$ cat target12.csv   # CSV, C-alpha atoms
chain,number,residue,atom,x,y,z
A,1,MET,CA,26.5,2.8,-20.9
A,2,GLY,CA,25.6,6.5,-21.1
A,3,GLY,CA,23.9,6.1,-24.5
A,4,GLN,CA,20.3,6.3,-25.5
A,5,MET,CA,17.9,4.3,-23.2
A,6,ARG,CA,15.1,2.3,-24.6
A,7,CYS,CA,12.7,0.6,-22.2
A,8,GLY,CA,9.2,-0.9,-22.2
A,9,SER,CA,7.0,-3.4,-20.5
A,10,ALA,CA,4.3,-5.9,-21.5
A,11,SER,CA,2.0,-8.2,-19.7
A,12,VAL,CA,2.0,-11.9,-20.4
A,13,PRO,CA,-1.1,-14.1,-20.8
A,14,ASP,CA,-2.8,-15.4,-17.7
A,15,GLY,CA,-1.1,-18.5,-16.4
A,16,ALA,CA,2.0,-18.0,-18.4
A,17,SER,CA,4.0,-16.6,-15.5
A,18,ALA,CA,3.3,-16.0,-11.9
A,19,GLY,CA,5.5,-15.0,-8.9
A,20,GLY,CA,8.6,-14.8,-11.1
A,21,LYS,CA,8.1,-18.4,-12.3
A,22,VAL,CA,7.6,-19.1,-16.0
A,23,ALA,CA,5.0,-21.9,-16.6
A,24,ASP,CA,4.5,-21.4,-20.4
A,25,PRO,CA,7.8,-20.4,-22.1
A,26,GLY,CA,6.0,-20.0,-25.5
A,27,ALA,CA,3.4,-17.6,-24.2
A,28,VAL,CA,6.1,-15.5,-22.5
A,29,ALA,CA,8.1,-15.4,-25.8
A,30,ARG,CA,5.0,-14.3,-27.8
A,31,ALA,CA,4.6,-11.4,-25.4
A,32,LEU,CA,8.3,-10.5,-25.5
A,33,LYS,CA,8.9,-10.5,-29.3
A,34,PRO,CA,6.4,-7.7,-30.2
A,35,LEU,CA,7.6,-5.7,-27.2
A,36,LEU,CA,11.2,-5.8,-28.5
A,37,ALA,CA,9.9,-4.7,-32.0
A,38,ARG,CA,7.8,-1.9,-30.5
A,39,ILE,CA,10.6,-0.3,-28.7
A,40,GLU,CA,13.0,-0.9,-31.5
A,41,ILE,CA,15.6,-3.0,-29.6
A,42,THR,CA,17.8,-4.9,-32.1
A,43,GLN,CA,20.3,-6.4,-29.7
A,44,THR,CA,20.0,-10.2,-29.4
A,45,ARG,CA,22.2,-10.8,-26.3
A,46,ALA,CA,20.0,-10.9,-23.2
A,47,PHE,CA,20.9,-10.3,-19.5
A,48,VAL,CA,18.2,-11.8,-17.4
A,49,ALA,CA,17.5,-10.8,-13.8
A,50,ALA,CA,15.7,-13.9,-12.4
A,51,SER,CA,13.3,-13.8,-9.5
A,52,ASP,CA,14.8,-15.0,-6.2
A,53,SER,CA,11.8,-17.3,-6.0
A,54,LEU,CA,13.6,-19.6,-8.4
A,55,ALA,CA,16.7,-20.1,-6.2
A,56,THR,CA,18.2,-19.6,-2.8
A,57,PHE,CA,21.6,-18.2,-1.8
A,58,ARG,CA,24.1,-18.1,1.1
A,59,ILE,CA,27.1,-16.1,2.0
A,60,LEU,CA,29.8,-18.4,3.4
A,61,ARG,CA,32.9,-17.4,5.4
A,62,LEU,CA,35.7,-19.9,5.3
A,63,ALA,CA,39.4,-19.9,6.2
A,64,ALA,CA,41.6,-18.0,3.8
A,65,THR,CA,43.4,-21.3,3.1
A,66,SER,CA,40.2,-23.1,2.1
A,67,THR,CA,40.4,-25.1,-1.2
A,68,ALA,CA,37.8,-25.5,-3.8
A,69,ARG,CA,37.0,-28.9,-2.3
A,70,ASP,CA,36.5,-27.2,1.1
A,71,VAL,CA,34.1,-24.7,-0.5
A,72,ASP,CA,32.1,-27.5,-2.2
A,73,ALA,CA,31.8,-29.4,1.1
A,74,ALA,CA,30.6,-26.3,3.0
A,75,ILE,CA,28.0,-25.6,0.3
A,76,ALA,CA,26.8,-29.2,0.5
A,77,ARG,CA,26.2,-28.7,4.2
A,78,GLU,CA,24.4,-25.4,3.8
A,79,LEU,CA,22.4,-26.2,0.7
A,80,SER,CA,21.6,-29.9,0.9
A,81,PHE,CA,19.3,-30.3,-2.1
A,82,ASP,CA,18.6,-33.1,-4.5
A,83,PRO,CA,21.3,-32.9,-7.1
A,84,GLN,CA,19.0,-34.4,-9.7
A,85,ARG,CA,16.7,-31.4,-9.4
A,86,MET,CA,18.9,-28.6,-8.1
A,87,ALA,CA,22.1,-27.0,-9.5
A,88,THR,CA,24.6,-25.0,-7.5
A,89,ARG,CA,27.2,-22.4,-8.4
A,90,TRP,CA,29.6,-20.3,-6.2
A,91,MET,CA,32.0,-17.5,-6.6
A,92,ASP,CA,34.5,-15.7,-4.4
A,93,VAL,CA,33.7,-12.1,-3.3
A,94,ILE,CA,36.1,-9.5,-2.0
A,95,ASP,CA,36.4,-9.2,1.8
A,96,ALA,CA,38.9,-7.3,3.9
A,97,GLU,CA,39.0,-9.6,7.0
A,98,GLY,CA,41.4,-12.2,5.7
A,99,GLN,CA,38.8,-14.8,5.2
A,100,ARG,CA,37.5,-16.5,2.1
A,101,VAL,CA,34.0,-15.2,1.5
A,102,VAL,CA,31.9,-17.2,-1.0
A,103,TYR,CA,28.5,-16.3,-2.6
A,104,ALA,CA,26.7,-19.6,-3.3
A,105,ALA,CA,23.4,-20.1,-5.1
A,106,ALA,CA,21.3,-23.2,-5.7
A,107,TRP,CA,18.4,-23.2,-8.2
A,108,ASP,CA,15.6,-25.4,-9.5
A,109,GLN,CA,16.9,-26.5,-12.9
A,110,ALA,CA,13.4,-27.0,-14.4
A,111,LEU,CA,12.3,-23.4,-13.4
A,112,ILE,CA,15.5,-21.8,-14.8
A,113,LYS,CA,15.1,-23.9,-18.0
A,114,ASN,CA,11.6,-22.5,-18.5
A,115,LEU,CA,13.0,-19.0,-18.1
A,116,THR,CA,15.8,-19.4,-20.5
A,117,GLU,CA,13.6,-21.2,-23.0
A,118,ALA,CA,11.2,-18.3,-23.1
A,119,VAL,CA,14.2,-16.0,-23.8
A,120,LYS,CA,15.4,-18.2,-26.6
A,121,LEU,CA,12.0,-18.6,-28.2
A,122,ALA,CA,12.0,-14.8,-28.4
A,123,ASP,CA,15.1,-15.1,-30.6
A,124,LEU,CA,17.4,-13.9,-27.8
A,125,GLU,CA,20.6,-15.4,-26.4
A,126,PRO,CA,20.5,-15.5,-22.6
A,127,VAL,CA,24.2,-14.9,-21.9
A,128,VAL,CA,23.7,-13.9,-18.2
A,129,VAL,CA,21.1,-15.2,-15.8
A,130,GLU,CA,21.4,-13.8,-12.3
A,131,LEU,CA,19.2,-13.4,-9.2
A,132,LYS,CA,17.6,-10.0,-8.9
A,133,SER,CA,18.9,-9.6,-5.3
A,134,ALA,CA,22.6,-10.0,-6.5
A,135,SER,CA,22.0,-7.4,-9.3
A,136,VAL,CA,20.3,-4.9,-7.0
A,137,ALA,CA,23.2,-5.3,-4.5
A,138,ARG,CA,25.7,-3.8,-6.9
A,139,ALA,CA,23.7,-0.7,-7.7
A,140,VAL,CA,21.8,0.2,-4.5
A,141,PRO,CA,23.0,3.5,-3.0
A,142,ALA,CA,24.1,2.1,0.5
A,143,PRO,CA,26.4,-0.7,1.7
A,144,ALA,CA,23.8,-1.9,4.2
A,145,CYS,CA,20.1,-1.4,3.7
A,146,ILE,CA,16.8,-3.1,2.9
A,147,VAL,CA,15.0,-2.7,-0.4
A,148,LEU,CA,11.2,-3.0,0.0
A,149,ASP,CA,9.9,-3.5,-3.6
A,150,LEU,CA,6.1,-3.0,-3.6
A,151,SER,CA,6.1,-2.8,-7.4
A,152,SER,CA,6.7,-6.5,-7.6
A,153,ASP,CA,4.0,-9.1,-7.2
A,154,PRO,CA,4.4,-10.5,-4.6
A,155,ALA,CA,6.2,-7.7,-2.8
A,156,GLU,CA,9.9,-8.4,-2.1
A,157,ILE,CA,12.3,-7.6,0.7
A,158,ILE,CA,16.0,-7.7,-0.1
A,159,LEU,CA,18.3,-7.2,2.8
A,160,LEU,CA,21.8,-6.1,1.9
A,161,ASP,CA,24.8,-5.9,4.2
A,162,GLY,CA,28.4,-5.1,3.2
A,163,HIS,CA,27.2,-4.7,-0.4
A,164,LEU,CA,26.1,-8.3,-0.4
A,165,PRO,CA,22.6,-9.8,-0.5
A,166,ARG,CA,21.9,-11.6,2.8
A,167,LEU,CA,18.2,-12.3,2.8
A,168,TRP,CA,15.3,-12.3,0.4
A,169,HIS,CA,11.6,-12.6,1.4
A,170,SER,CA,8.3,-12.1,-0.4
A,171,PHE,CA,4.8,-11.4,0.8
A,172,LYS,CA,1.4,-10.5,-0.6
A,173,VAL,CA,0.1,-6.9,-0.4
A,174,LYS,CA,-3.4,-6.0,-1.3
A,175,GLU,CA,-3.7,-3.2,-3.8
A,176,PRO,CA,-4.2,-0.4,-3.4
A,177,ILE,CA,-2.4,0.0,-0.1
A,178,GLY,CA,-5.0,1.1,2.5
A,179,ASP,CA,-5.3,2.6,5.9
A,180,ASP,CA,-3.6,-0.5,7.5
A,181,ALA,CA,-0.5,-0.1,5.3
A,182,VAL,CA,1.9,0.6,8.2
A,183,SER,CA,1.1,-2.6,10.1
A,184,THR,CA,0.9,-4.6,6.8
A,185,LEU,CA,4.4,-3.5,5.9
A,186,ALA,CA,5.9,-3.5,9.4
A,187,SER,CA,5.2,-7.1,10.1
A,188,PRO,CA,7.3,-8.7,7.3
A,189,LEU,CA,10.1,-6.1,7.7
A,190,ARG,CA,10.4,-6.9,11.4
A,191,THR,CA,10.4,-10.6,10.7
A,192,ALA,CA,13.2,-10.2,8.2
A,193,LEU,CA,15.2,-8.0,10.6
A,194,ARG,CA,14.8,-10.4,13.5
A,195,PHE,CA,15.8,-13.4,11.4
A,196,TYR,CA,18.9,-11.7,10.0
A,197,ARG,CA,20.0,-10.4,13.4
A,198,ARG,CA,19.8,-13.9,14.9
A,199,GLN,CA,21.8,-15.2,12.0
A,200,SER,CA,24.5,-12.4,12.3
A,201,ASN,CA,24.6,-12.1,16.1
A,202,GLY,CA,22.8,-8.7,15.9
A,203,ASP,CA,25.2,-7.3,13.3
A,204,PHE,CA,22.9,-5.0,11.4
A,205,GLU,CA,23.0,-1.3,12.1
A,206,SER,CA,19.8,0.5,13.2
A,207,SER,CA,20.9,3.4,11.0
A,208,ALA,CA,20.7,1.2,7.8
A,209,PRO,CA,17.9,2.6,5.7
A,210,VAL,CA,14.8,0.9,4.3
A,211,PHE,CA,14.3,2.0,0.7
A,212,VAL,CA,10.7,1.7,-0.5
A,213,SER,CA,9.9,1.3,-4.2
A,214,SER,CA,6.3,1.6,-5.1
A,215,GLU,CA,4.2,2.5,-8.2
A,216,GLN,CA,1.6,4.0,-5.8
A,217,ALA,CA,2.3,7.4,-4.2
A,218,LEU,CA,3.1,6.9,-0.5
A,219,PRO,CA,2.5,9.7,2.0
A,220,SER,CA,5.5,10.9,4.1
A,221,GLN,CA,3.5,10.2,7.2
A,222,LEU,CA,3.3,6.5,6.3
A,223,LEU,CA,7.1,6.3,6.0
A,224,THR,CA,7.5,8.1,9.3
A,225,GLU,CA,5.2,5.8,11.2
A,226,LEU,CA,6.7,2.7,9.5
A,227,SER,CA,10.2,3.9,10.7
A,228,ALA,CA,9.0,4.2,14.2
A,229,LEU,CA,7.5,0.7,14.2
A,230,ILE,CA,10.6,-1.1,12.9
A,231,GLY,CA,13.3,1.1,14.4
A,232,GLN,CA,15.1,1.8,11.0
A,233,PRO,CA,15.0,5.0,8.9
A,234,VAL,CA,12.5,4.6,6.0
A,235,ALA,CA,12.7,6.6,2.7
A,236,LEU,CA,11.6,6.2,-0.9
A,237,LEU,CA,14.1,4.5,-3.1
A,238,PRO,CA,16.2,7.4,-4.6
A,239,ILE,CA,15.4,7.9,-8.3
A,240,PRO,CA,18.5,6.9,-10.4
A,241,ALA,CA,19.9,9.4,-12.8
A,242,ARG,CA,18.4,9.7,-16.3
A,243,VAL,CA,15.5,7.3,-15.6
A,244,PRO,CA,12.1,8.0,-17.3
A,245,PRO,CA,9.3,8.4,-14.8
A,246,ASN,CA,7.5,5.3,-16.1
A,247,VAL,CA,10.4,3.0,-15.3
A,248,ARG,CA,10.3,1.0,-12.0
A,249,HIS,CA,13.3,2.2,-10.0
A,250,SER,CA,13.9,-1.3,-8.5
A,251,THR,CA,13.8,-2.8,-12.0
A,252,TYR,CA,16.3,-0.2,-13.3
A,253,LEU,CA,18.7,-1.0,-10.4
A,254,ALA,CA,18.5,-4.7,-11.3
A,255,CYS,CA,19.3,-3.9,-14.9
A,256,LEU,CA,22.1,-1.6,-13.9
A,257,GLY,CA,23.5,-4.3,-11.6
A,258,LEU,CA,23.6,-6.8,-14.5
A,259,LEU,CA,25.6,-4.4,-16.5
A,260,MET,CA,28.1,-3.9,-13.6
A,261,ARG,CA,28.9,-7.6,-13.5
A,262,ARG,CA,32.6,-8.4,-13.6
A,263,SER,CA,32.3,-12.1,-14.1

$ encode --input "target12.csv" --output "structure tokens"
Amino acid sequence: MGGQMRCGSASVPDGASAGGKVADPGAVARALKPLLARIEITQTRAFVAASDSLATFRILRLAATSTARDVDAAIARELSFDPQRMATRWMDVIDAEGQRVVYAAAWDQALIKNLTEAVKLADLEPVVVELKSASVARAVPAPACIVLDLSSDPAEIILLDGHLPRLWHSFKVKEPIGDDAVSTLASPLRTALRFYRRQSNGDFESSAPVFVSSEQALPSQLLTELSALIGQPVALLPIPARVPPNVRHSTYLACLGLLMRRS
């Protein structure tokens, strides 16, 4: 942390990966190995921010006296998946209300295996694999907000509340963003807000900002009109310190969040 930054990106062959899911681990590895050599990265331990398309998560609030068995039972009710295909993991998160708050995730084992296999074939050791939403939650500059990542394909909405990821949603956006951009972006944002407010009994402040990350320059008028339509302040995602202009800010936040892991 604080040392020299090396960064780079590379495309993978058609069909090797799409929507955050790796279909051909070997092809992804063949794209990754020369990338690491080109930017002179010699570290072999890899922290991987996985797409939320590979998994689902829940924030569970239980009695402070709940046991590990109680947590497992609650997760089984919330995330009732085929144990032969899906795997689950949970961890306690800090909360000030005297409850036991648990972050639980379930993922498709085959899809995660393809991802880690691609990393291993590139001669790296995947020591941490975490959902992008959880990584971004640690580093985003507000306790409650929405990150609208237009630099991803498909575009992603990550809703954070109390420094925790609460909702992830993806949708397709035609490039470049045209004259109908306001209505195109407003519709999925309103859907996400309505869904979360129903789930949380309306507990999401109208002052919570929407941070937009985009490789395409967005006019201030678009942000103003979008704010009026969804009833939330909208701004460009603040540029993190010391980040080269060619680095996607949302990607940097995910990497930073991985480094901030405590467990």

$ closest_residue --input "target12.csv" --among "A:Glu40, A:Glu156, A:Asp161, A:Asp149" --to "Phe211 of chain A" --atoms "only C-alpha atoms"
A:Asp149

$ closest_atom_pairs --input "target12.csv" --of "segment 124-193 of chain A" --to "segment 214-223 of chain A" --cutoff "12 Å" --atoms "all atoms listed in the file" --output "Markdown table"
| residue | atom | partner | partner_atom | distance |
| --- | --- | --- | --- | --- |
| A:Val147 | CA | A:Ser214 | CA | 10.8 |
| A:Leu148 | CA | A:Ser214 | CA | 8.4 |
| A:Asp149 | CA | A:Ser214 | CA | 6.4 |
| A:Leu150 | CA | A:Ser214 | CA | 4.8 |
| A:Ser151 | CA | A:Ser214 | CA | 5.0 |
| A:Ser152 | CA | A:Ser214 | CA | 8.5 |
| A:Asp153 | CA | A:Ser214 | CA | 11.1 |
| A:Ala155 | CA | A:Ser214 | CA | 9.6 |
| A:Glu156 | CA | A:Ser214 | CA | 11.0 |
| A:Val173 | CA | A:Ser214 | CA | 11.5 |
| A:Glu175 | CA | A:Gln216 | CA | 9.2 |
| A:Pro176 | CA | A:Gln216 | CA | 7.7 |
| A:Ile177 | CA | A:Gln216 | CA | 8.0 |
| A:Gly178 | CA | A:Leu218 | CA | 10.4 |
| A:Asp179 | CA | A:Leu222 | CA | 9.5 |
| A:Asp180 | CA | A:Leu222 | CA | 9.9 |
| A:Ala181 | CA | A:Leu222 | CA | 7.7 |
| A:Val182 | CA | A:Leu222 | CA | 6.4 |
| A:Ser183 | CA | A:Leu222 | CA | 10.1 |
| A:Thr184 | CA | A:Leu222 | CA | 11.4 |
| A:Leu185 | CA | A:Leu222 | CA | 10.1 |
| A:Ala186 | CA | A:Leu223 | CA | 10.4 |

$ closest_residue --input "target12.csv" --among "A:Gln232, A:Thr224, A:Thr56, A:Asn114" --to "Ser206 of chain A" --atoms "only C-alpha atoms"
A:Gln232

$ residues_around --input "target12.csv" --residues "Ser66 of chain A" --least-positions-apart "6" --cutoff "12 Å" --atoms "all atoms listed in the file" --output "MDAnalysis selection string"
chainID A and resid 60 72:74 92 98:102

$ atom_distance --input "target12.csv" --atom1 "atom CA of Cys145 of chain A" --atom2 "atom CA of Val243 of chain A"
21.7 Å

$ residues_around --input "target12.csv" --residues "Leu159 of chain A" --least-positions-apart "6" --cutoff "12 Å" --atoms "only C-alpha atoms" --output "VMD selection string"
chain A and resid 133 to 134 136 to 137 140 142 to 149 165 to 170 188 to 197 204 to 205 208 to 211

$ write_last_selection --input "target12.csv" --atoms "C-alpha atoms" --output "compact mmCIF listing (two decimals), in the frame of the given file"
# COMPACT_ATOMS: atom_id res chain seq x y z
CA SER A 133 18.90 -9.60 -5.30
CA ALA A 134 22.60 -10.00 -6.50
CA VAL A 136 20.30 -4.90 -7.00
CA ALA A 137 23.20 -5.30 -4.50
CA VAL A 140 21.80 0.20 -4.50
CA ALA A 142 24.10 2.10 0.50
CA PRO A 143 26.40 -0.70 1.70
CA ALA A 144 23.80 -1.90 4.20
CA CYS A 145 20.10 -1.40 3.70
CA ILE A 146 16.80 -3.10 2.90
CA VAL A 147 15.00 -2.70 -0.40
CA LEU A 148 11.20 -3.00 0.00
CA ASP A 149 9.90 -3.50 -3.60
CA PRO A 165 22.60 -9.80 -0.50
CA ARG A 166 21.90 -11.60 2.80
CA LEU A 167 18.20 -12.30 2.80
CA TRP A 168 15.30 -12.30 0.40
CA HIS A 169 11.60 -12.60 1.40
CA SER A 170 8.30 -12.10 -0.40
CA PRO A 188 7.30 -8.70 7.30
CA LEU A 189 10.10 -6.10 7.70
CA ARG A 190 10.40 -6.90 11.40
CA THR A 191 10.40 -10.60 10.70
CA ALA A 192 13.20 -10.20 8.20
CA LEU A 193 15.20 -8.00 10.60
CA ARG A 194 14.80 -10.40 13.50
CA PHE A 195 15.80 -13.40 11.40
CA TYR A 196 18.90 -11.70 10.00
CA ARG A 197 20.00 -10.40 13.40
CA PHE A 204 22.90 -5.00 11.40
CA GLU A 205 23.00 -1.30 12.10
CA ALA A 208 20.70 1.20 7.80
CA PRO A 209 17.90 2.60 5.70
CA VAL A 210 14.80 0.90 4.30
CA PHE A 211 14.30 2.00 0.70

$ closest_atom_pairs --input "target12.csv" --of "segment 48-126 of chain A" --to "segment 26-36 of chain A" --cutoff "9 Å" --atoms "all atoms listed in the file" --output "CSV"
residue,atom,partner,partner_atom,distance
A:Leu115,CA,A:Val28,CA,8.9
A:Glu117,CA,A:Gly26,CA,8.1
A:Ala118,CA,A:Ala29,CA,5.0
A:Val119,CA,A:Ala29,CA,6.4
A:Lys120,CA,A:Ala29,CA,7.9
A:Leu121,CA,A:Ala29,CA,5.6
A:Ala122,CA,A:Ala29,CA,4.7
A:Asp123,CA,A:Lys33,CA,7.8

$ closest_residue --input "target12.csv" --among "A:Asp203, A:Asp24, A:Asp14, A:Glu97" --to "Lys113 of chain A" --atoms "only C-alpha atoms"
A:Asp24

$ atom_distance --input "target12.csv" --atom1 "atom CA of Ser17 of chain A" --atom2 "atom CA of Ala50 of chain A"
12.4 Å

$ atom_distance --input "target12.csv" --atom1 "atom CA of Ser135 of chain A" --atom2 "atom CA of Arg198 of chain A"
25.2 Å
